[in-house]
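Structure file my_file_37.cif (mmCIF, C-alpha atoms) follows.
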```
data_work
#
loop_
_atom_site.label_atom_id
_atom_site.label_comp_id
_atom_site.auth_asym_id
_atom_site.auth_seq_id
_atom_site.Cartn_x
_atom_site.Cartn_y
_atom_site.Cartn_z
CA MET L 1 0.00 0.00 0.00
CA ILE L 2 2.87 2.35 0.78
CA ASP L 3 4.42 1.59 -2.62
CA ALA L 4 1.03 2.17 -4.28
CA MET L 5 0.87 5.67 -2.80
CA ASP L 6 3.66 6.66 -5.18
CA LYS L 7 1.46 5.78 -8.17
CA ASP L 8 -0.57 8.98 -8.17
CA GLY L 9 -2.07 8.63 -11.63
CA ASN L 10 -5.74 7.94 -12.34
CA PRO L 11 -6.17 4.31 -13.46
CA ALA L 12 -8.45 5.49 -16.26
CA SER L 13 -5.76 7.75 -17.75
CA VAL L 14 -3.69 6.57 -20.71
CA HIS L 15 -0.44 8.30 -19.73
CA GLY L 16 2.37 6.48 -17.98
CA ASN L 17 1.30 7.37 -14.45
CA GLY L 18 -2.23 6.24 -15.19
CA ARG L 19 -1.07 2.95 -16.69
CA ALA L 20 1.09 2.28 -13.62
CA ALA L 21 -1.91 2.81 -11.35
CA LYS L 22 -4.10 0.62 -13.54
CA ALA L 23 -1.49 -2.15 -13.41
CA LEU L 24 -1.80 -2.19 -9.60
CA VAL L 25 -5.59 -2.41 -9.81
CA GLN L 26 -5.38 -5.25 -12.33
CA LYS L 27 -2.85 -7.09 -10.16
CA ALA L 28 -5.23 -6.81 -7.21
CA ARG L 29 -8.06 -8.08 -9.40
CA ARG L 30 -6.03 -11.18 -10.27
CA GLN L 31 -5.13 -11.77 -6.61
CA VAL L 32 -8.74 -11.48 -5.42
CA ALA L 33 -9.97 -13.69 -8.27
CA ASP L 34 -7.36 -16.33 -7.42
CA LEU L 35 -8.66 -16.56 -3.85
CA VAL L 36 -11.89 -18.15 -5.15
CA ASN L 37 -10.56 -19.53 -8.46
CA ALA L 38 -12.46 -16.96 -10.52
CA LYS L 39 -11.58 -15.16 -13.74
CA PRO L 40 -10.13 -11.69 -13.06
CA GLU L 41 -12.56 -10.10 -15.52
CA HIS L 42 -15.42 -11.41 -13.37
CA VAL L 43 -14.30 -9.35 -10.34
CA VAL L 44 -15.98 -5.99 -9.77
CA PHE L 45 -14.44 -3.87 -7.03
CA THR L 46 -16.72 -1.98 -4.62
CA SER L 47 -16.30 0.05 -1.44
CA GLY L 48 -17.12 -3.02 0.65
CA ALA L 49 -19.47 -5.96 1.14
CA THR L 50 -22.43 -3.66 1.90
CA GLU L 51 -22.17 -1.92 -1.46
CA ALA L 52 -21.72 -5.27 -3.17
CA ALA L 53 -24.91 -6.55 -1.52
CA SER L 54 -26.83 -3.38 -2.39
CA THR L 55 -25.76 -3.79 -6.01
CA LEU L 56 -26.62 -7.48 -6.28
CA LEU L 57 -29.92 -7.35 -4.39
CA THR L 58 -31.83 -5.57 -7.11
CA PRO L 59 -34.81 -6.59 -9.25
CA ARG L 60 -33.02 -5.28 -12.35
CA TYR L 61 -30.47 -7.49 -14.09
CA ALA L 62 -29.31 -7.72 -17.67
CA MET L 63 -28.35 -10.70 -19.80
CA GLY L 64 -26.50 -9.17 -22.68
CA ARG L 65 -28.80 -6.43 -23.96
CA ALA L 66 -31.91 -8.13 -22.64
CA GLU L 67 -33.43 -7.15 -19.31
CA LEU L 68 -33.88 -9.84 -16.69
CA MET L 69 -36.31 -9.21 -13.86
CA MET L 70 -35.77 -10.63 -10.36
CA SER L 71 -39.30 -10.45 -9.01
CA HIS L 72 -38.77 -11.72 -5.46
CA LEU L 73 -35.91 -11.98 -2.97
CA TYR L 74 -35.53 -14.91 -0.59
CA VAL L 75 -33.11 -14.12 2.23
CA CYS L 76 -31.91 -16.16 5.22
CA ALA L 77 -33.19 -15.03 8.63
CA SER L 78 -29.71 -15.13 10.18
CA ASP L 79 -28.05 -13.18 7.37
CA HIS L 80 -25.90 -10.11 7.92
CA PRO L 81 -27.94 -6.86 7.97
CA CYS L 82 -26.52 -5.82 4.58
CA THR L 83 -28.39 -8.69 2.88
CA LEU L 84 -31.21 -9.13 5.38
CA GLY L 85 -32.19 -5.52 4.65
CA GLY L 86 -33.13 -6.56 1.13
CA GLY L 87 -31.06 -4.09 -0.87
CA GLN L 88 -33.25 -2.51 -3.55
CA PHE L 89 -36.21 -4.86 -2.99
CA SER L 90 -39.35 -3.62 -1.28
CA LYS L 91 -40.44 -5.48 1.84
CA LYS L 92 -43.45 -6.95 0.04
CA ALA L 93 -41.11 -8.44 -2.56
CA MET L 94 -39.08 -10.26 0.10
CA THR L 95 -39.44 -13.54 1.95
CA VAL L 96 -37.32 -14.21 5.03
CA VAL L 97 -36.50 -17.92 5.15
CA PRO L 98 -36.28 -19.30 8.71
CA VAL L 99 -33.30 -21.15 10.14
CA THR L 100 -32.88 -24.18 12.37
CA SER L 101 -31.87 -24.03 16.03
CA ASP L 102 -28.25 -24.25 14.83
CA GLY L 103 -28.67 -21.18 12.63
CA LEU L 104 -28.57 -23.06 9.33
CA ILE L 105 -31.12 -22.24 6.65
CA ASP L 106 -34.27 -24.35 6.80
CA LEU L 107 -34.04 -26.13 3.45
CA PRO L 108 -37.64 -27.47 3.45
CA SER L 109 -38.90 -23.91 4.06
CA LEU L 110 -36.74 -22.61 1.21
CA GLU L 111 -38.08 -25.37 -1.02
CA THR L 112 -41.66 -24.54 -0.07
CA SER L 113 -41.17 -20.82 -0.70
CA LEU L 114 -39.57 -21.36 -4.10
CA SER L 115 -42.27 -23.84 -5.10
CA ALA L 116 -44.83 -21.09 -4.54
CA HIS L 117 -42.82 -18.53 -6.50
CA ASP L 118 -44.68 -17.04 -9.47
CA LYS L 119 -42.24 -17.58 -12.34
CA THR L 120 -44.41 -15.56 -14.71
CA SER L 121 -43.55 -12.42 -12.74
CA GLY L 122 -39.81 -12.98 -12.95
CA THR L 123 -36.88 -14.95 -11.58
CA ALA L 124 -36.34 -15.78 -7.91
CA LEU L 125 -33.22 -14.33 -6.27
CA ILE L 126 -31.76 -16.02 -3.18
CA ALA L 127 -29.28 -14.33 -0.83
CA CYS L 128 -27.56 -16.31 1.89
CA HIS L 129 -24.35 -16.04 3.88
CA HIS L 130 -21.73 -18.77 3.58
CA VAL L 131 -20.50 -18.39 7.16
CA ASN L 132 -22.57 -16.69 9.86
CA SER L 133 -21.10 -13.45 11.19
CA GLU L 134 -21.94 -14.31 14.81
CA THR L 135 -21.94 -18.10 15.26
CA GLY L 136 -19.39 -19.00 12.60
CA GLY L 137 -21.80 -21.66 11.32
CA ILE L 138 -21.20 -22.86 7.77
CA GLN L 139 -24.29 -23.02 5.57
CA PRO L 140 -24.97 -26.15 3.45
CA VAL L 141 -24.10 -24.41 0.19
CA GLU L 142 -24.36 -27.49 -2.03
CA GLU L 143 -27.89 -28.23 -0.82
CA ILE L 144 -28.96 -24.58 -1.12
CA SER L 145 -27.55 -24.50 -4.65
CA ALA L 146 -29.40 -27.68 -5.60
CA VAL L 147 -32.71 -26.20 -4.43
CA ALA L 148 -31.97 -22.95 -6.27
CA LYS L 149 -31.15 -24.73 -9.52
CA ALA L 150 -34.25 -26.93 -9.28
CA HIS L 151 -36.39 -23.78 -9.27
CA GLY L 152 -34.37 -21.72 -11.72
CA ALA L 153 -33.32 -19.24 -9.02
CA VAL L 154 -30.21 -17.06 -8.92
CA LEU L 155 -28.00 -17.47 -5.83
CA VAL L 156 -25.95 -14.70 -4.22
CA LEU L 157 -23.55 -16.08 -1.60
CA ASP L 158 -22.15 -13.67 0.99
CA CYS L 159 -18.59 -14.90 1.58
CA ALA L 160 -17.40 -12.01 3.73
CA GLN L 161 -16.90 -14.35 6.69
CA SER L 162 -15.79 -17.42 4.76
CA ALA L 163 -13.19 -16.12 2.29
CA GLY L 164 -9.75 -16.93 3.61
CA ARG L 165 -11.17 -19.27 6.25
CA VAL L 166 -12.62 -22.06 4.12
CA SER L 167 -11.74 -23.09 0.59
CA ILE L 168 -14.02 -21.50 -2.03
CA ASP L 169 -14.08 -22.40 -5.72
CA ILE L 170 -16.58 -20.46 -7.78
CA THR L 171 -16.13 -22.88 -10.68
CA ASP L 172 -18.09 -25.49 -8.72
CA GLY L 173 -21.15 -23.63 -9.97
CA HIS L 174 -22.93 -23.50 -6.61
CA ALA L 175 -23.36 -19.71 -6.59
CA ASP L 176 -23.95 -17.18 -9.35
CA PHE L 177 -22.31 -14.37 -7.38
CA LEU L 178 -19.98 -14.13 -4.39
CA ILE L 179 -19.46 -11.17 -2.07
CA VAL L 180 -16.00 -10.66 -0.53
CA SER L 181 -14.76 -8.03 1.93
CA SER L 182 -11.18 -6.74 2.16
CA HIS L 183 -10.89 -6.16 5.90
CA LYS L 184 -12.32 -9.60 6.71
CA ILE L 185 -9.18 -11.17 5.24
CA GLY L 186 -6.72 -8.74 6.81
CA GLY L 187 -6.81 -6.07 4.12
CA PRO L 188 -7.69 -2.40 4.52
CA LYS L 189 -11.22 -1.26 5.28
CA GLY L 190 -13.14 0.36 2.43
CA ALA L 191 -12.91 -2.29 -0.29
CA GLY L 192 -14.94 -5.29 -1.33
CA ALA L 193 -15.83 -7.19 -4.46
CA ILE L 194 -18.61 -8.77 -6.44
CA ILE L 195 -17.29 -11.96 -8.02
CA ALA L 196 -19.44 -13.45 -10.77
CA PHE L 197 -19.52 -17.03 -12.00
CA SER L 198 -20.06 -15.63 -15.48
CA ASP L 199 -20.38 -12.16 -16.95
CA LEU L 200 -23.36 -13.18 -19.10
CA MET L 201 -25.74 -11.99 -16.39
CA MET L 202 -25.02 -8.92 -14.27
CA PRO L 203 -27.03 -6.53 -12.07
CA THR L 204 -27.69 -3.05 -13.36
CA PRO L 205 -25.05 -0.71 -11.86
CA LEU L 206 -25.78 0.90 -8.52
CA LEU L 207 -23.26 3.65 -9.28
CA THR L 208 -23.17 5.12 -12.77
CA GLY L 209 -20.84 7.70 -14.21
CA GLY L 210 -17.46 7.21 -15.85
CA GLY L 211 -17.94 3.53 -16.60
CA GLN L 212 -15.09 2.11 -14.52
CA GLU L 213 -15.08 -1.60 -13.67
CA ARG L 214 -16.27 -2.42 -17.19
CA GLY L 215 -19.34 -0.28 -16.59
CA HIS L 216 -20.50 -2.27 -13.56
CA ARG L 217 -19.36 0.22 -10.91
CA SER L 218 -18.39 3.76 -11.79
CA GLY L 219 -16.02 5.90 -9.74
CA THR L 220 -12.24 6.24 -9.69
CA GLU L 221 -10.70 3.13 -8.18
CA ALA L 222 -9.05 3.47 -4.76
CA VAL L 223 -5.65 2.26 -5.96
CA THR L 224 -3.89 2.16 -2.57
CA ILE L 225 -6.74 0.33 -0.83
CA LEU L 226 -7.14 -2.15 -3.68
CA ALA L 227 -3.41 -2.89 -3.64
CA GLY L 228 -3.80 -3.85 0.01
CA PHE L 229 -6.92 -5.89 -0.75
CA GLY L 230 -5.06 -7.88 -3.39
CA ALA L 231 -2.04 -8.50 -1.15
CA ALA L 232 -4.33 -9.67 1.65
CA ALA L 233 -6.13 -12.05 -0.73
CA GLU L 234 -2.83 -13.61 -1.73
CA VAL L 235 -1.79 -14.14 1.88
CA ALA L 236 -5.25 -15.41 2.83
CA LYS L 237 -5.08 -18.15 0.22
CA ASP L 238 -1.67 -19.26 1.50
CA ARG L 239 -2.99 -19.40 5.08
CA LEU L 240 -6.12 -21.46 4.39
CA THR L 241 -4.70 -24.64 5.90
CA LYS L 242 -3.73 -22.75 9.06
CA PHE L 243 -7.29 -21.54 9.50
CA GLU L 244 -8.59 -25.06 8.97
CA SER L 245 -6.37 -26.28 11.82
CA LEU L 246 -7.99 -23.75 14.17
CA LYS L 247 -10.99 -26.07 14.57
CA THR L 248 -8.87 -28.21 16.88
CA VAL L 249 -7.78 -25.11 18.80
CA ARG L 250 -11.40 -23.96 19.12
CA ASP L 251 -12.62 -27.31 20.43
CA THR L 252 -9.72 -27.55 22.87
CA LEU L 253 -10.52 -24.05 24.11
CA ILE L 254 -14.20 -24.87 24.70
CA ASN L 255 -13.31 -28.12 26.48
CA ASP L 256 -10.78 -26.26 28.63
CA MET L 257 -13.39 -23.70 29.64
CA ARG L 258 -15.79 -26.40 30.75
CA THR L 259 -13.15 -28.52 32.43
CA ARG L 260 -12.10 -25.51 34.50
CA GLY L 261 -15.68 -24.93 35.59
CA ALA L 262 -17.02 -22.32 33.17
CA ASN L 263 -20.81 -22.46 32.80
CA ILE L 264 -21.17 -21.61 29.12
CA VAL L 265 -23.60 -22.20 26.29
CA VAL L 266 -21.93 -22.39 22.88
CA HIS L 267 -24.40 -21.43 20.18
CA ALA L 268 -24.54 -23.49 16.96
CA GLU L 269 -22.17 -25.94 18.63
CA ASN L 270 -23.60 -28.88 16.70
CA ALA L 271 -23.35 -27.17 13.31
CA PRO L 272 -20.33 -27.18 11.01
CA ARG L 273 -18.39 -24.04 11.95
CA VAL L 274 -15.24 -22.18 11.03
CA GLY L 275 -12.43 -22.69 13.50
CA ASN L 276 -11.76 -19.09 14.48
CA THR L 277 -15.10 -18.17 16.06
CA VAL L 278 -16.85 -19.04 19.34
CA TYR L 279 -20.26 -17.54 20.12
CA LEU L 280 -21.13 -18.15 23.74
CA SER L 281 -23.46 -17.14 26.55
CA VAL L 282 -22.93 -17.28 30.29
CA PRO L 283 -26.28 -17.96 32.02
CA GLY L 284 -27.11 -15.11 34.35
CA LYS L 285 -24.71 -12.67 32.69
CA LYS L 286 -25.71 -10.13 30.08
CA ALA L 287 -23.55 -10.00 26.95
CA GLU L 288 -22.98 -6.26 27.36
CA THR L 289 -21.69 -6.79 30.90
CA LEU L 290 -19.30 -9.48 29.72
CA GLN L 291 -18.15 -7.35 26.83
CA ILE L 292 -17.30 -4.39 29.07
CA ALA L 293 -15.55 -6.59 31.62
CA PHE L 294 -13.42 -8.24 28.94
CA ASP L 295 -12.62 -4.88 27.36
CA LEU L 296 -11.38 -3.52 30.69
CA ALA L 297 -9.15 -6.60 30.92
CA GLY L 298 -7.72 -6.03 27.44
CA PHE L 299 -9.78 -8.52 25.46
CA ALA L 300 -11.75 -7.24 22.45
CA VAL L 301 -14.91 -9.30 22.10
CA SER L 302 -18.25 -8.29 20.62
CA SER L 303 -21.88 -8.95 21.39
CA GLY L 304 -22.75 -9.59 17.75
CA SER L 305 -21.30 -8.80 14.34
CA ALA L 306 -19.22 -5.63 14.34
CA CYS L 307 -21.75 -3.79 12.17
CA SER L 308 -24.47 -4.21 14.78
CA SER L 309 -22.65 -4.73 18.08
CA GLY L 310 -22.68 -1.00 18.83
CA LYS L 311 -26.46 -0.92 18.73
CA VAL L 312 -28.66 -1.66 21.73
CA GLY L 313 -30.93 -4.61 21.11
CA LYS L 314 -31.14 -8.36 20.89
CA SER L 315 -29.18 -10.39 18.37
CA HIS L 316 -31.38 -11.13 15.35
CA VAL L 317 -29.29 -14.27 14.80
CA LEU L 318 -30.13 -15.67 18.24
CA ALA L 319 -33.78 -14.69 17.74
CA ALA L 320 -33.86 -16.49 14.38
CA MET L 321 -32.39 -19.57 16.07
CA GLY L 322 -35.20 -19.53 18.62
CA VAL L 323 -32.99 -18.56 21.57
CA ASN L 324 -35.39 -16.82 23.96
CA SER L 325 -33.00 -15.02 26.24
CA ASP L 326 -32.45 -11.40 27.19
CA GLU L 327 -28.82 -12.10 28.08
CA GLY L 328 -27.44 -12.30 24.54
CA ALA L 329 -24.05 -13.75 23.68
CA ILE L 330 -20.49 -12.66 23.05
CA ARG L 331 -18.46 -13.50 19.98
CA MET L 332 -14.78 -14.19 20.41
CA SER L 333 -12.58 -14.78 17.41
CA PHE L 334 -8.90 -15.51 16.93
CA SER L 335 -6.40 -16.28 14.20
CA PRO L 336 -3.47 -18.61 13.57
CA ASP L 337 -1.32 -15.89 15.15
CA THR L 338 -3.17 -15.92 18.47
CA ALA L 339 -0.88 -17.26 21.19
CA PRO L 340 -2.04 -20.20 23.39
CA ALA L 341 -1.21 -18.01 26.40
CA ASP L 342 -3.79 -15.47 25.24
CA LEU L 343 -6.48 -18.15 24.98
CA ASN L 344 -5.56 -19.45 28.41
CA ALA L 345 -5.76 -15.92 29.81
CA PHE L 346 -9.17 -15.46 28.20
CA THR L 347 -10.49 -18.59 29.94
CA ALA L 348 -9.06 -17.42 33.27
CA LYS L 349 -10.73 -14.03 32.88
CA LEU L 350 -14.03 -15.70 31.91
CA LEU L 351 -13.93 -17.73 35.13
CA GLU L 352 -13.09 -14.63 37.14
CA ILE L 353 -15.93 -12.60 35.62
CA SER L 354 -18.41 -15.46 36.04
CA ALA L 355 -17.55 -15.74 39.73
CA ARG L 356 -18.39 -12.09 40.50
#
```

Full structure transcribed into structure tokens:
Amino acid sequence: MIDAMDKDGNPASVHGNGRAAKALVQKARRQVADLVNAKPEHVVFTSGATEAASTLLTPRYAMGRAELMMSHLYVCASDHPCTLGGGQFSKKAMTVVPVTSDGLIDLPSLETSLSAHDKTSGTALIACHHVNSETGGIQPVEEISAVAKAHGAVLVLDCAQSAGRVSIDITDGHADFLIVSSHKIGGPKGAGAIIAFSDLMMPTPLLTGGGQERGHRSGTEAVTILAGFGAAAEVAKDRLTKFESLKTVRDTLINDMRTRGANIVVHAENAPRVGNTVYLSVPGKKAETLQIAFDLAGFAVSSGSACSSGKVGKSHVLAAMGVNSDEGAIRMSFSPDTAPADLNAFTAKLLEISAR
């Protein structure tokens, strides 16, 4: 990123400085595409996952020069707010699909909803997260894709929490579009991407103007930020196996908590989950109280996804899972770089807080 700051040309300019800046953007495009085995020309850079979701969740698509109408949106009840909000769809053109007690999408409910979809009005659009932003639960993407294909639906998969943590290959054909976020893989904040399986079908642009990003997202590219995004994507791909090994660390941590006497409830414990996230409640302790106590002790935990943890209110994810509790839960996450001593200290602090 520091090197990219010296390339002060506009990537759309044809002079030498502009071409140098464009080369950095194109390098980042290749790096981000490689993370999910996509074609670089199928990557559209945005300001983040929220903009990507707002672009994709629209009734208006195009297939070549022909318009393609998405008449109804089907979204998972435990989705991140950026997709659960429905994007450009009206509330009456949305169906919220319930989830199981483990936070995974209820496939029979999705099947029932799609069976009732009026195909004469347009195509069904499904939006679902790959990995839940609070529980870390991994959605059954293959099964969701099979249901979508059986009903001719288009599938948008939010991979903000899964990219760099689980292996993703867009060529498997499960999803039509992926959403990726820079800062979720260690890159700078302020960048994200729409990654398409094919460029034959694309949403109408949310931002129009100069025609950057092959006309799919206008606005001068943030060269420095995108350079960081690309570098982070390259590192994230190399570290995939390390993140996979965190599942053992996570399970050891949970067992250690319980063995040492911690009274905890781990949400979505029976679901497939990424290894770097634990979403837990302590009966009798409010999540906000735990969060403050941990913060004072030097541990940064949240009481939900970062986009909503600053708001007062219950977790919509827990509510969707049928957890009827006013106490809430805290989300702790860690990386391959987290020291065992830090995890041990976290457990010790949890026991101390619980005993108050």

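If only C-alpha atoms are the atoms counted, then among L:Phe294, L:Thr252, L:Ala160, L:Ala222 the closest residue to Ala345 of chain L is L:Phe294.
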
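Using the PyMOL selection byres ((chain L and resi 271) around 12) on this structure selects Thr100, Ser101, Asp102, Gly103, Leu104, Ile105, Val131, Asn132, Thr135, Gly136, Gly137, Ile138, Gln139, Pro140, Val266, His267, Ala268, Glu269, Asn270, Pro272, Arg273, Val274 and Gly275 of chain L.
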
From the options L:Arg239, L:Lys22, L:Arg165, L:Lys314, which residue's atoms come nearest to Asn276 of chain L, counting only C-alpha atoms?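 Looking only at the distances to Asn276 of chain L, the closest residue turns out to be L:Arg165.
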
Could you give me, as a ChimeraX atom specification, the residues within 6 Å of segment 191-206 of chain L, counting all atoms listed in the file and dropping anything in the same chain fewer than 6 positions from it? /L:42-49,52,55-56,60-63,176-182,216-217

What's around Val317 of chain L at 7 Å? Count all atoms listed in the file, leave out sequence neighbours fewer than 3 positions away in its own chain, and write the answer as a ChimeraX atom specification. /L:78,320-321

Spatial neighbours of Ile168 of chain L, 9 Å, only C-alpha atoms, chain gap at least 4 places, as a VMD selection string: chain L and resid 35 to 37 159 162 to 164 172
